[in-house]
$ cat start04.cif   # mmCIF, N, CA and C atoms and all ligand atoms
data_work
loop_
_atom_site.label_atom_id
_atom_site.label_comp_id
_atom_site.auth_asym_id
_atom_site.auth_seq_id
_atom_site.Cartn_x
_atom_site.Cartn_y
_atom_site.Cartn_z
N MET A 859 12.67 184.65 -106.30
CA MET A 859 11.41 185.30 -105.90
C MET A 859 11.18 185.17 -104.41
N ILE A 860 11.35 183.93 -103.94
CA ILE A 860 11.17 183.70 -102.52
C ILE A 860 12.20 184.49 -101.71
N LYS A 861 13.42 184.49 -102.23
CA LYS A 861 14.49 185.23 -101.56
C LYS A 861 14.10 186.69 -101.40
N ARG A 862 13.53 187.23 -102.48
CA ARG A 862 13.15 188.62 -102.47
C ARG A 862 12.04 188.87 -101.45
N GLU A 863 11.07 187.97 -101.42
CA GLU A 863 10.00 188.11 -100.43
C GLU A 863 10.54 188.07 -99.03
N LYS A 864 11.49 187.16 -98.82
CA LYS A 864 12.10 187.03 -97.50
C LYS A 864 12.80 188.32 -97.09
N ASN A 865 13.49 188.89 -98.08
CA ASN A 865 14.18 190.15 -97.79
C ASN A 865 13.21 191.26 -97.44
N ASN A 866 12.12 191.32 -98.20
CA ASN A 866 11.10 192.32 -97.89
C ASN A 866 10.56 192.12 -96.49
N GLU A 867 10.37 190.84 -96.17
CA GLU A 867 9.83 190.53 -94.86
C GLU A 867 10.79 190.98 -93.76
N ARG A 868 12.07 190.78 -94.04
CA ARG A 868 13.09 191.16 -93.06
C ARG A 868 13.05 192.67 -92.82
N LEU A 869 12.93 193.42 -93.91
CA LEU A 869 12.86 194.87 -93.78
C LEU A 869 11.60 195.28 -93.02
N GLU A 870 10.51 194.58 -93.33
CA GLU A 870 9.25 194.87 -92.67
C GLU A 870 9.36 194.61 -91.17
N ARG A 871 10.02 193.50 -90.83
CA ARG A 871 10.20 193.18 -89.41
C ARG A 871 10.96 194.29 -88.70
N LYS A 872 11.98 194.78 -89.39
CA LYS A 872 12.79 195.85 -88.81
C LYS A 872 11.91 197.06 -88.49
N GLN A 873 11.07 197.41 -89.48
CA GLN A 873 10.20 198.56 -89.31
C GLN A 873 9.16 198.29 -88.22
N ASN A 874 8.60 197.07 -88.23
CA ASN A 874 7.61 196.72 -87.21
C ASN A 874 8.19 196.82 -85.81
N LYS A 875 9.45 196.42 -85.70
CA LYS A 875 10.11 196.49 -84.40
C LYS A 875 10.20 197.93 -83.92
N ILE A 876 10.53 198.81 -84.85
CA ILE A 876 10.63 200.22 -84.50
C ILE A 876 9.25 200.76 -84.11
N ASP A 877 8.24 200.38 -84.92
CA ASP A 877 6.88 200.85 -84.67
C ASP A 877 6.32 200.34 -83.35
N ALA A 878 6.80 199.18 -82.92
CA ALA A 878 6.25 198.56 -81.71
C ALA A 878 6.55 199.39 -80.46
N GLY A 879 7.59 200.20 -80.50
CA GLY A 879 7.95 200.97 -79.32
C GLY A 879 8.67 200.10 -78.30
N LEU A 880 8.88 200.66 -77.13
CA LEU A 880 9.65 199.96 -76.11
C LEU A 880 8.74 199.23 -75.14
N LEU A 881 9.29 198.17 -74.58
CA LEU A 881 8.54 197.43 -73.58
C LEU A 881 8.11 198.34 -72.42
N SER A 882 8.99 199.26 -72.05
CA SER A 882 8.67 200.15 -70.93
C SER A 882 7.50 201.08 -71.23
N ASP A 883 7.25 201.33 -72.53
CA ASP A 883 6.09 202.14 -72.90
C ASP A 883 4.80 201.32 -72.88
N LEU A 884 4.91 200.11 -73.41
CA LEU A 884 3.73 199.26 -73.53
C LEU A 884 3.33 198.69 -72.17
N TYR A 885 4.30 198.17 -71.46
CA TYR A 885 4.04 197.57 -70.15
C TYR A 885 5.01 198.15 -69.12
N PRO A 886 4.70 199.32 -68.59
CA PRO A 886 5.65 199.99 -67.68
C PRO A 886 5.92 199.19 -66.41
N ASN A 887 5.03 198.25 -66.10
CA ASN A 887 5.20 197.51 -64.85
C ASN A 887 6.02 196.23 -65.01
N MET A 888 6.60 196.02 -66.18
CA MET A 888 7.38 194.80 -66.39
C MET A 888 8.88 195.06 -66.30
N ASN A 889 9.55 194.19 -65.56
CA ASN A 889 11.02 194.26 -65.49
C ASN A 889 11.69 193.40 -66.55
N SER A 890 11.06 192.27 -66.84
CA SER A 890 11.63 191.40 -67.86
C SER A 890 10.61 190.38 -68.34
N ILE A 891 10.83 189.91 -69.53
CA ILE A 891 10.06 188.79 -70.08
C ILE A 891 11.07 187.79 -70.64
N VAL A 892 10.87 186.54 -70.30
CA VAL A 892 11.69 185.49 -70.90
C VAL A 892 10.76 184.56 -71.67
N ILE A 893 11.01 184.43 -72.95
CA ILE A 893 10.21 183.54 -73.79
C ILE A 893 11.09 182.37 -74.22
N LYS A 894 10.65 181.18 -73.86
CA LYS A 894 11.36 179.97 -74.30
C LYS A 894 10.47 179.24 -75.29
N MET A 895 11.05 178.86 -76.41
CA MET A 895 10.28 178.17 -77.43
C MET A 895 10.96 176.91 -77.90
N ASN A 896 10.18 175.88 -78.15
CA ASN A 896 10.64 174.68 -78.84
C ASN A 896 9.96 174.64 -80.19
N TYR A 897 10.75 174.40 -81.22
CA TYR A 897 10.20 174.31 -82.56
C TYR A 897 10.09 172.84 -82.97
N TYR A 898 8.98 172.51 -83.62
CA TYR A 898 8.76 171.14 -84.08
C TYR A 898 8.37 171.14 -85.55
N HIS A 899 8.87 170.13 -86.27
CA HIS A 899 8.36 169.91 -87.63
C HIS A 899 7.03 169.19 -87.53
N LYS A 900 6.25 169.32 -88.59
CA LYS A 900 4.99 168.61 -88.68
C LYS A 900 5.21 167.12 -88.42
N HIS A 901 4.31 166.49 -87.70
CA HIS A 901 4.34 165.06 -87.42
C HIS A 901 5.56 164.62 -86.61
N SER A 902 6.20 165.53 -85.95
CA SER A 902 7.35 165.12 -85.16
C SER A 902 7.20 165.60 -83.72
N ASP A 903 7.56 164.75 -82.78
CA ASP A 903 7.48 165.13 -81.38
C ASP A 903 8.83 165.56 -80.83
N ALA A 904 9.85 165.45 -81.68
CA ALA A 904 11.18 165.85 -81.22
C ALA A 904 11.46 167.27 -81.69
N SER A 905 11.72 168.15 -80.76
CA SER A 905 11.96 169.53 -81.18
C SER A 905 13.32 169.62 -81.85
N TYR A 906 13.39 170.38 -82.92
CA TYR A 906 14.64 170.49 -83.66
C TYR A 906 15.37 171.78 -83.33
N MET A 907 14.72 172.63 -82.56
CA MET A 907 15.38 173.88 -82.22
C MET A 907 14.75 174.47 -80.97
N GLN A 908 15.58 175.01 -80.12
CA GLN A 908 15.09 175.76 -78.97
C GLN A 908 15.59 177.20 -79.07
N ARG A 909 14.73 178.09 -78.66
CA ARG A 909 15.15 179.50 -78.61
C ARG A 909 14.71 180.09 -77.29
N THR A 910 15.53 180.93 -76.74
CA THR A 910 15.17 181.70 -75.56
C THR A 910 15.39 183.17 -75.90
N ILE A 911 14.36 183.96 -75.68
CA ILE A 911 14.47 185.38 -76.01
C ILE A 911 14.12 186.20 -74.78
N ASN A 912 15.00 187.11 -74.43
CA ASN A 912 14.80 187.96 -73.26
C ASN A 912 14.39 189.35 -73.67
N PHE A 913 13.45 189.91 -72.94
CA PHE A 913 13.02 191.30 -73.15
C PHE A 913 13.26 192.07 -71.87
N TYR A 914 13.75 193.28 -72.02
CA TYR A 914 13.96 194.19 -70.90
C TYR A 914 13.19 195.48 -71.19
N PRO A 915 13.10 196.36 -70.19
CA PRO A 915 12.31 197.59 -70.43
C PRO A 915 12.73 198.35 -71.69
N GLN A 916 14.02 198.27 -72.05
CA GLN A 916 14.48 199.01 -73.23
C GLN A 916 14.39 198.20 -74.52
N SER A 917 13.85 196.98 -74.43
CA SER A 917 13.71 196.17 -75.64
C SER A 917 12.50 196.62 -76.45
N ALA A 918 12.53 196.34 -77.75
CA ALA A 918 11.36 196.60 -78.58
C ALA A 918 10.24 195.66 -78.16
N ALA A 919 9.05 196.20 -77.99
CA ALA A 919 7.91 195.38 -77.57
C ALA A 919 7.33 194.67 -78.78
N TYR A 920 8.12 193.85 -79.37
CA TYR A 920 7.75 193.18 -80.61
C TYR A 920 7.80 191.68 -80.36
N PHE A 921 6.64 191.05 -80.35
CA PHE A 921 6.56 189.66 -79.90
C PHE A 921 6.20 188.69 -81.04
N HIS A 922 6.43 189.14 -82.25
CA HIS A 922 6.15 188.26 -83.38
C HIS A 922 7.42 187.45 -83.69
N MET A 923 7.36 186.15 -83.40
CA MET A 923 8.54 185.31 -83.58
C MET A 923 8.56 184.72 -84.98
N GLU A 924 9.75 184.63 -85.54
CA GLU A 924 9.88 184.10 -86.89
C GLU A 924 9.60 182.61 -86.94
N CYS A 925 9.15 182.17 -88.10
CA CYS A 925 8.89 180.75 -88.33
C CYS A 925 10.20 179.96 -88.39
N MET A 926 11.24 180.55 -88.93
CA MET A 926 12.56 179.95 -89.08
C MET A 926 12.64 178.95 -90.23
N LYS A 927 11.55 178.64 -90.88
CA LYS A 927 11.63 177.81 -92.07
C LYS A 927 11.91 178.74 -93.24
N SER A 928 13.00 178.49 -93.95
CA SER A 928 13.49 179.50 -94.89
C SER A 928 12.52 179.75 -96.04
N GLU A 929 11.76 178.73 -96.46
CA GLU A 929 10.85 178.92 -97.58
C GLU A 929 9.54 179.59 -97.16
N CYS A 930 9.30 179.69 -95.87
CA CYS A 930 8.00 180.15 -95.40
C CYS A 930 7.96 181.67 -95.35
N THR A 931 6.93 182.24 -96.00
CA THR A 931 6.75 183.69 -95.88
C THR A 931 5.39 183.95 -95.22
N ASN A 932 5.26 185.13 -94.67
CA ASN A 932 4.05 185.55 -93.95
C ASN A 932 3.72 184.62 -92.78
N GLY A 933 4.73 183.94 -92.29
CA GLY A 933 4.48 183.01 -91.18
C GLY A 933 4.97 183.58 -89.87
N GLY A 934 5.10 182.69 -88.92
CA GLY A 934 5.61 183.10 -87.62
C GLY A 934 4.56 182.95 -86.54
N PHE A 935 4.93 183.39 -85.37
CA PHE A 935 4.12 183.16 -84.18
C PHE A 935 4.00 184.47 -83.41
N ASP A 936 2.78 184.93 -83.27
CA ASP A 936 2.58 186.19 -82.56
C ASP A 936 2.24 185.90 -81.10
N LEU A 937 3.20 186.17 -80.23
CA LEU A 937 2.97 185.92 -78.81
C LEU A 937 2.44 187.16 -78.09
N GLY A 938 2.21 188.22 -78.86
CA GLY A 938 1.67 189.45 -78.27
C GLY A 938 0.39 189.24 -77.49
N PRO A 939 -0.61 188.54 -78.07
CA PRO A 939 -1.87 188.33 -77.34
C PRO A 939 -1.67 187.55 -76.04
N ALA A 940 -0.78 186.55 -76.07
CA ALA A 940 -0.52 185.77 -74.85
C ALA A 940 0.06 186.67 -73.77
N ILE A 941 0.96 187.56 -74.17
CA ILE A 941 1.60 188.44 -73.20
C ILE A 941 0.62 189.47 -72.67
N SER A 942 -0.25 189.98 -73.53
CA SER A 942 -1.20 190.98 -73.04
C SER A 942 -2.21 190.34 -72.09
N LYS A 943 -2.56 189.09 -72.36
CA LYS A 943 -3.45 188.36 -71.46
C LYS A 943 -2.79 188.20 -70.08
N MET A 944 -1.49 187.85 -70.11
CA MET A 944 -0.76 187.69 -68.85
C MET A 944 -0.67 189.01 -68.09
N ALA A 945 -0.44 190.09 -68.85
CA ALA A 945 -0.29 191.40 -68.23
C ALA A 945 -1.58 191.81 -67.51
N LYS A 946 -2.71 191.50 -68.14
CA LYS A 946 -4.00 191.87 -67.55
C LYS A 946 -4.21 191.19 -66.21
N LYS A 947 -3.83 189.90 -66.17
CA LYS A 947 -4.03 189.13 -64.94
C LYS A 947 -2.80 189.15 -64.05
N ARG A 948 -1.77 189.84 -64.51
CA ARG A 948 -0.49 189.89 -63.80
C ARG A 948 0.05 188.48 -63.53
N LEU A 949 -0.08 187.62 -64.53
CA LEU A 949 0.46 186.27 -64.42
C LEU A 949 1.97 186.31 -64.58
N THR A 950 2.67 185.46 -63.83
CA THR A 950 4.13 185.43 -63.95
C THR A 950 4.61 184.33 -64.89
N SER A 951 3.74 183.35 -65.16
CA SER A 951 4.15 182.34 -66.13
C SER A 951 2.94 181.77 -66.85
N ASP A 952 3.18 181.38 -68.08
CA ASP A 952 2.13 180.80 -68.89
C ASP A 952 2.79 180.00 -70.01
N ASN A 953 2.05 179.08 -70.58
CA ASN A 953 2.61 178.34 -71.71
C ASN A 953 1.50 177.93 -72.66
N GLY A 954 1.90 177.53 -73.84
CA GLY A 954 0.90 177.13 -74.83
C GLY A 954 1.56 176.60 -76.08
N GLU A 955 0.74 176.41 -77.09
CA GLU A 955 1.21 175.87 -78.36
C GLU A 955 0.67 176.73 -79.49
N MET A 956 1.38 176.75 -80.60
CA MET A 956 0.94 177.56 -81.72
C MET A 956 1.45 176.95 -83.02
N GLN A 957 0.66 177.10 -84.07
CA GLN A 957 1.09 176.61 -85.37
C GLN A 957 1.35 177.77 -86.30
N CYS A 958 2.35 177.60 -87.15
CA CYS A 958 2.63 178.63 -88.14
C CYS A 958 1.54 178.62 -89.20
N ARG A 959 1.00 179.79 -89.52
CA ARG A 959 -0.03 179.88 -90.55
C ARG A 959 0.52 180.54 -91.81
N GLY A 960 1.81 180.51 -91.96
CA GLY A 960 2.42 181.06 -93.16
C GLY A 960 2.24 180.12 -94.34
N ASN A 961 2.84 180.46 -95.46
CA ASN A 961 2.61 179.64 -96.65
C ASN A 961 3.66 178.55 -96.81
N GLY A 962 4.25 178.10 -95.73
CA GLY A 962 5.17 176.97 -95.80
C GLY A 962 4.42 175.65 -95.80
N GLY A 963 3.09 175.68 -95.91
CA GLY A 963 2.27 174.46 -95.88
C GLY A 963 1.56 174.39 -94.55
N PRO A 964 0.31 173.87 -94.54
CA PRO A 964 -0.45 173.89 -93.29
C PRO A 964 0.22 173.08 -92.19
N GLY A 965 0.36 173.68 -91.05
CA GLY A 965 0.92 172.98 -89.90
C GLY A 965 2.36 172.55 -90.07
N HIS A 966 3.12 173.19 -90.95
CA HIS A 966 4.47 172.71 -91.22
C HIS A 966 5.40 172.90 -90.02
N VAL A 967 5.14 173.91 -89.23
CA VAL A 967 5.96 174.12 -88.04
C VAL A 967 5.04 174.50 -86.89
N ARG A 968 5.30 173.92 -85.74
CA ARG A 968 4.58 174.37 -84.56
C ARG A 968 5.59 174.63 -83.45
N ILE A 969 5.15 175.38 -82.48
CA ILE A 969 6.03 175.65 -81.34
C ILE A 969 5.24 175.38 -80.06
N ASP A 970 5.94 175.06 -79.00
CA ASP A 970 5.35 175.29 -77.70
C ASP A 970 6.20 176.33 -77.00
N TYR A 971 5.55 177.10 -76.17
CA TYR A 971 6.26 178.22 -75.57
C TYR A 971 5.97 178.31 -74.08
N ASP A 972 6.89 178.94 -73.45
CA ASP A 972 6.85 179.15 -72.02
C ASP A 972 7.21 180.61 -71.81
N ILE A 973 6.34 181.35 -71.17
CA ILE A 973 6.63 182.78 -70.98
C ILE A 973 6.72 183.06 -69.50
N ALA A 974 7.77 183.72 -69.10
CA ALA A 974 7.93 184.12 -67.70
C ALA A 974 8.09 185.64 -67.63
N ILE A 975 7.26 186.26 -66.81
CA ILE A 975 7.31 187.73 -66.70
C ILE A 975 7.63 188.12 -65.26
N LYS A 976 8.55 189.07 -65.14
CA LYS A 976 8.80 189.66 -63.82
C LYS A 976 8.23 191.09 -63.82
N TYR A 977 7.45 191.37 -62.81
CA TYR A 977 6.84 192.69 -62.69
C TYR A 977 7.57 193.52 -61.65
N SER A 978 7.54 194.81 -61.85
CA SER A 978 8.09 195.68 -60.80
C SER A 978 7.06 195.77 -59.68
N LYS A 979 7.50 196.23 -58.54
CA LYS A 979 6.64 196.16 -57.35
C LYS A 979 5.48 197.14 -57.41
N LYS A 980 5.62 198.21 -58.18
CA LYS A 980 4.61 199.26 -58.24
C LYS A 980 3.22 198.71 -58.54
ZN ZN A 1001 6.08 178.96 -91.30
#

$ encode --input "start04.cif" --output "structure tokens"
Amino acid sequence: MIKREKNNERLERKQNKIDAGLLSDLYPNMNSIVIKMNYYHKHSDASYMQRTINFYPQSAAYFHMECMKSECTNGGFDLGPAISKMAKKRLTSDNGEMQCRGNGGPGHVRIDYDIAIKYSKK
């Protein structure tokens, strides 16, 4: 059952990515975004996984990061609001923390993130 939900979610992500459009459409003034994330288990200060994700003008403007816990559905981390906040102020770097609100259990995974944006000169 869980496997099936996960598969549905995967398909949904694919569609969401397509629906999101391109970074160049959403933020024409951005040359690149680099998102670095550390993943932590609940009650642990040692990160068990690091991810770095790069976005370019031709990338899908889809900033919903997966939870990565295999049993967790409807989870993940939406960095879209953080990026839109940065875009408004034209910030080049920002960081923060977020907890997964999926059904893998409350606070089962958290991340801290670091976002770096390069803007075009225009
Ligand atoms: Zn989760």

$ residues_around --input "start04.cif" --residues "range 938-943 of chain A" --least-positions-apart "2" --cutoff "10 Å" --atoms "only C-alpha atoms" --output "PyMOL selection string"
chain A and resi 884-885+891+893+919-923+935-936+945-949+951-954+973-975

$ atom_distance --input "start04.cif" --atom1 "CA of Gly879 in chain A" --atom2 "CA of Gln916 in chain A"
9.1 Å

$ residues_near_ligand --input "start04.cif" --ligand "ligand ZN 1001 (chain A)" --cutoff "8 Å" --atoms "all atoms listed in the file" --output "number ranges by chain"
A: 924-935, 957-963, 965-968

$ select_by_dssp --input "start04.cif" --residues "chain A" --states "strand (DSSP E)" --output "JSON, numbers by chain"
{"A": [888, 889, 890, 891, 892, 893, 894, 895, 896, 897, 898, 899, 907, 908, 909, 910, 911, 912, 913, 922, 923, 935, 936, 951, 952, 953, 954, 955, 956, 957, 967, 968, 969, 970, 971, 972, 973, 974, 975, 976, 977]}

$ write_last_selection --input "start04.cif" --atoms "N, CA and C atoms" --output "compact mmCIF listing (two decimals), keeping the file's coordinate frame"
# COMPACT_ATOMS: atom_id res chain seq x y z
N MET A 888 6.60 196.02 -66.18
CA MET A 888 7.38 194.80 -66.39
C MET A 888 8.88 195.06 -66.30
N ASN A 889 9.55 194.19 -65.56
CA ASN A 889 11.02 194.26 -65.49
C ASN A 889 11.69 193.40 -66.55
N SER A 890 11.06 192.27 -66.84
CA SER A 890 11.63 191.40 -67.86
C SER A 890 10.61 190.38 -68.34
N ILE A 891 10.83 189.91 -69.53
CA ILE A 891 10.06 188.79 -70.08
C ILE A 891 11.07 187.79 -70.64
N VAL A 892 10.87 186.54 -70.30
CA VAL A 892 11.69 185.49 -70.90
C VAL A 892 10.76 184.56 -71.67
N ILE A 893 11.01 184.43 -72.95
CA ILE A 893 10.21 183.54 -73.79
C ILE A 893 11.09 182.37 -74.22
N LYS A 894 10.65 181.18 -73.86
CA LYS A 894 11.36 179.97 -74.30
C LYS A 894 10.47 179.24 -75.29
N MET A 895 11.05 178.86 -76.41
CA MET A 895 10.28 178.17 -77.43
C MET A 895 10.96 176.91 -77.90
N ASN A 896 10.18 175.88 -78.15
CA ASN A 896 10.64 174.68 -78.84
C ASN A 896 9.96 174.64 -80.19
N TYR A 897 10.75 174.40 -81.22
CA TYR A 897 10.20 174.31 -82.56
C TYR A 897 10.09 172.84 -82.97
N TYR A 898 8.98 172.51 -83.62
CA TYR A 898 8.76 171.14 -84.08
C TYR A 898 8.37 171.14 -85.55
N HIS A 899 8.87 170.13 -86.27
CA HIS A 899 8.36 169.91 -87.63
C HIS A 899 7.03 169.19 -87.53
N MET A 907 14.72 172.63 -82.56
CA MET A 907 15.38 173.88 -82.22
C MET A 907 14.75 174.47 -80.97
N GLN A 908 15.58 175.01 -80.12
CA GLN A 908 15.09 175.76 -78.97
C GLN A 908 15.59 177.20 -79.07
N ARG A 909 14.73 178.09 -78.66
CA ARG A 909 15.15 179.50 -78.61
C ARG A 909 14.71 180.09 -77.29
N THR A 910 15.53 180.93 -76.74
CA THR A 910 15.17 181.70 -75.56
C THR A 910 15.39 183.17 -75.90
N ILE A 911 14.36 183.96 -75.68
CA ILE A 911 14.47 185.38 -76.01
C ILE A 911 14.12 186.20 -74.78
N ASN A 912 15.00 187.11 -74.43
CA ASN A 912 14.80 187.96 -73.26
C ASN A 912 14.39 189.35 -73.67
N PHE A 913 13.45 189.91 -72.94
CA PHE A 913 13.02 191.30 -73.15
C PHE A 913 13.26 192.07 -71.87
N HIS A 922 6.43 189.14 -82.25
CA HIS A 922 6.15 188.26 -83.38
C HIS A 922 7.42 187.45 -83.69
N MET A 923 7.36 186.15 -83.40
CA MET A 923 8.54 185.31 -83.58
C MET A 923 8.56 184.72 -84.98
N PHE A 935 4.93 183.39 -85.37
CA PHE A 935 4.12 183.16 -84.18
C PHE A 935 4.00 184.47 -83.41
N ASP A 936 2.78 184.93 -83.27
CA ASP A 936 2.58 186.19 -82.56
C ASP A 936 2.24 185.90 -81.10
N SER A 951 3.74 183.35 -65.16
CA SER A 951 4.15 182.34 -66.13
C SER A 951 2.94 181.77 -66.85
N ASP A 952 3.18 181.38 -68.08
CA ASP A 952 2.13 180.80 -68.89
C ASP A 952 2.79 180.00 -70.01
N ASN A 953 2.05 179.08 -70.58
CA ASN A 953 2.61 178.34 -71.71
C ASN A 953 1.50 177.93 -72.66
N GLY A 954 1.90 177.53 -73.84
CA GLY A 954 0.90 177.13 -74.83
C GLY A 954 1.56 176.60 -76.08
N GLU A 955 0.74 176.41 -77.09
CA GLU A 955 1.21 175.87 -78.36
C GLU A 955 0.67 176.73 -79.49
N MET A 956 1.38 176.75 -80.60
CA MET A 956 0.94 177.56 -81.72
C MET A 956 1.45 176.95 -83.02
N GLN A 957 0.66 177.10 -84.07
CA GLN A 957 1.09 176.61 -85.37
C GLN A 957 1.35 177.77 -86.30
N VAL A 967 5.14 173.91 -89.23
CA VAL A 967 5.96 174.12 -88.04
C VAL A 967 5.04 174.50 -86.89
N ARG A 968 5.30 173.92 -85.74
CA ARG A 968 4.58 174.37 -84.56
C ARG A 968 5.59 174.63 -83.45
N ILE A 969 5.15 175.38 -82.48
CA ILE A 969 6.03 175.65 -81.34
C ILE A 969 5.24 175.38 -80.06
N ASP A 970 5.94 175.06 -79.00
CA ASP A 970 5.35 175.29 -77.70
C ASP A 970 6.20 176.33 -77.00
N TYR A 971 5.55 177.10 -76.17
CA TYR A 971 6.26 178.22 -75.57
C TYR A 971 5.97 178.31 -74.08
N ASP A 972 6.89 178.94 -73.45
CA ASP A 972 6.85 179.15 -72.02
C ASP A 972 7.21 180.61 -71.81
N ILE A 973 6.34 181.35 -71.17
CA ILE A 973 6.63 182.78 -70.98
C ILE A 973 6.72 183.06 -69.50
N ALA A 974 7.77 183.72 -69.10
CA ALA A 974 7.93 184.12 -67.70
C ALA A 974 8.09 185.64 -67.63
N ILE A 975 7.26 186.26 -66.81
CA ILE A 975 7.31 187.73 -66.70
C ILE A 975 7.63 188.12 -65.26
N LYS A 976 8.55 189.07 -65.14
CA LYS A 976 8.80 189.66 -63.82
C LYS A 976 8.23 191.09 -63.82
N TYR A 977 7.45 191.37 -62.81
CA TYR A 977 6.84 192.69 -62.69
C TYR A 977 7.57 193.52 -61.65

$ closest_residue --input "start04.cif" --among "A:Ser890, A:Asn896, A:Thr950, A:Ser978" --to "Phe913 in chain A" --atoms "only N, CA and C atoms"
A:Ser890

$ atom_distance --input "start04.cif" --atom1 "atom C of Lys900 in chain A" --atom2 "CA of Asp970 in chain A"
13.5 Å

$ residues_around --input "start04.cif" --residues "Asn912 in chain A" --least-positions-apart "2" --cutoff "8 Å" --atoms "all atoms listed in the file" --output "PyMOL selection string"
chain A and resi 890-894+909-910+914-915+917

$ write_last_selection --input "start04.cif" --atoms "N, CA and C atoms" --output "PDB file, keeping the file's coordinate frame"
ATOM      1  N   SER A 890      11.060 192.270 -66.840  1.00  0.00           N
ATOM      2  CA  SER A 890      11.630 191.400 -67.860  1.00  0.00           C
ATOM      3  C   SER A 890      10.610 190.380 -68.340  1.00  0.00           C
ATOM      4  N   ILE A 891      10.830 189.910 -69.530  1.00  0.00           N
ATOM      5  CA  ILE A 891      10.060 188.790 -70.080  1.00  0.00           C
ATOM      6  C   ILE A 891      11.070 187.790 -70.640  1.00  0.00           C
ATOM      7  N   VAL A 892      10.870 186.540 -70.300  1.00  0.00           N
ATOM      8  CA  VAL A 892      11.690 185.490 -70.900  1.00  0.00           C
ATOM      9  C   VAL A 892      10.760 184.560 -71.670  1.00  0.00           C
ATOM     10  N   ILE A 893      11.010 184.430 -72.950  1.00  0.00           N
ATOM     11  CA  ILE A 893      10.210 183.540 -73.790  1.00  0.00           C
ATOM     12  C   ILE A 893      11.090 182.370 -74.220  1.00  0.00           C
ATOM     13  N   LYS A 894      10.650 181.180 -73.860  1.00  0.00           N
ATOM     14  CA  LYS A 894      11.360 179.970 -74.300  1.00  0.00           C
ATOM     15  C   LYS A 894      10.470 179.240 -75.290  1.00  0.00           C
ATOM     16  N   ARG A 909      14.730 178.090 -78.660  1.00  0.00           N
ATOM     17  CA  ARG A 909      15.150 179.500 -78.610  1.00  0.00           C
ATOM     18  C   ARG A 909      14.710 180.090 -77.290  1.00  0.00           C
ATOM     19  N   THR A 910      15.530 180.930 -76.740  1.00  0.00           N
ATOM     20  CA  THR A 910      15.170 181.700 -75.560  1.00  0.00           C
ATOM     21  C   THR A 910      15.390 183.170 -75.900  1.00  0.00           C
ATOM     22  N   TYR A 914      13.750 193.280 -72.020  1.00  0.00           N
ATOM     23  CA  TYR A 914      13.960 194.190 -70.900  1.00  0.00           C
ATOM     24  C   TYR A 914      13.190 195.480 -71.190  1.00  0.00           C
ATOM     25  N   PRO A 915      13.100 196.360 -70.190  1.00  0.00           N
ATOM     26  CA  PRO A 915      12.310 197.590 -70.430  1.00  0.00           C
ATOM     27  C   PRO A 915      12.730 198.350 -71.690  1.00  0.00           C
ATOM     28  N   SER A 917      13.850 196.980 -74.430  1.00  0.00           N
ATOM     29  CA  SER A 917      13.710 196.170 -75.640  1.00  0.00           C
ATOM     30  C   SER A 917      12.500 196.620 -76.450  1.00  0.00           C
TER      31      SER A 917
END

$ atom_distance --input "start04.cif" --atom1 "CA of Gln873 in chain A" --atom2 "CA of Lys861 in chain A"
18.6 Å

$ closest_residue --input "start04.cif" --among "A:Leu937, A:Leu880, A:Glu863, A:Met888" --to "Ile911 in chain A" --atoms "only C-alpha atoms"
A:Leu937
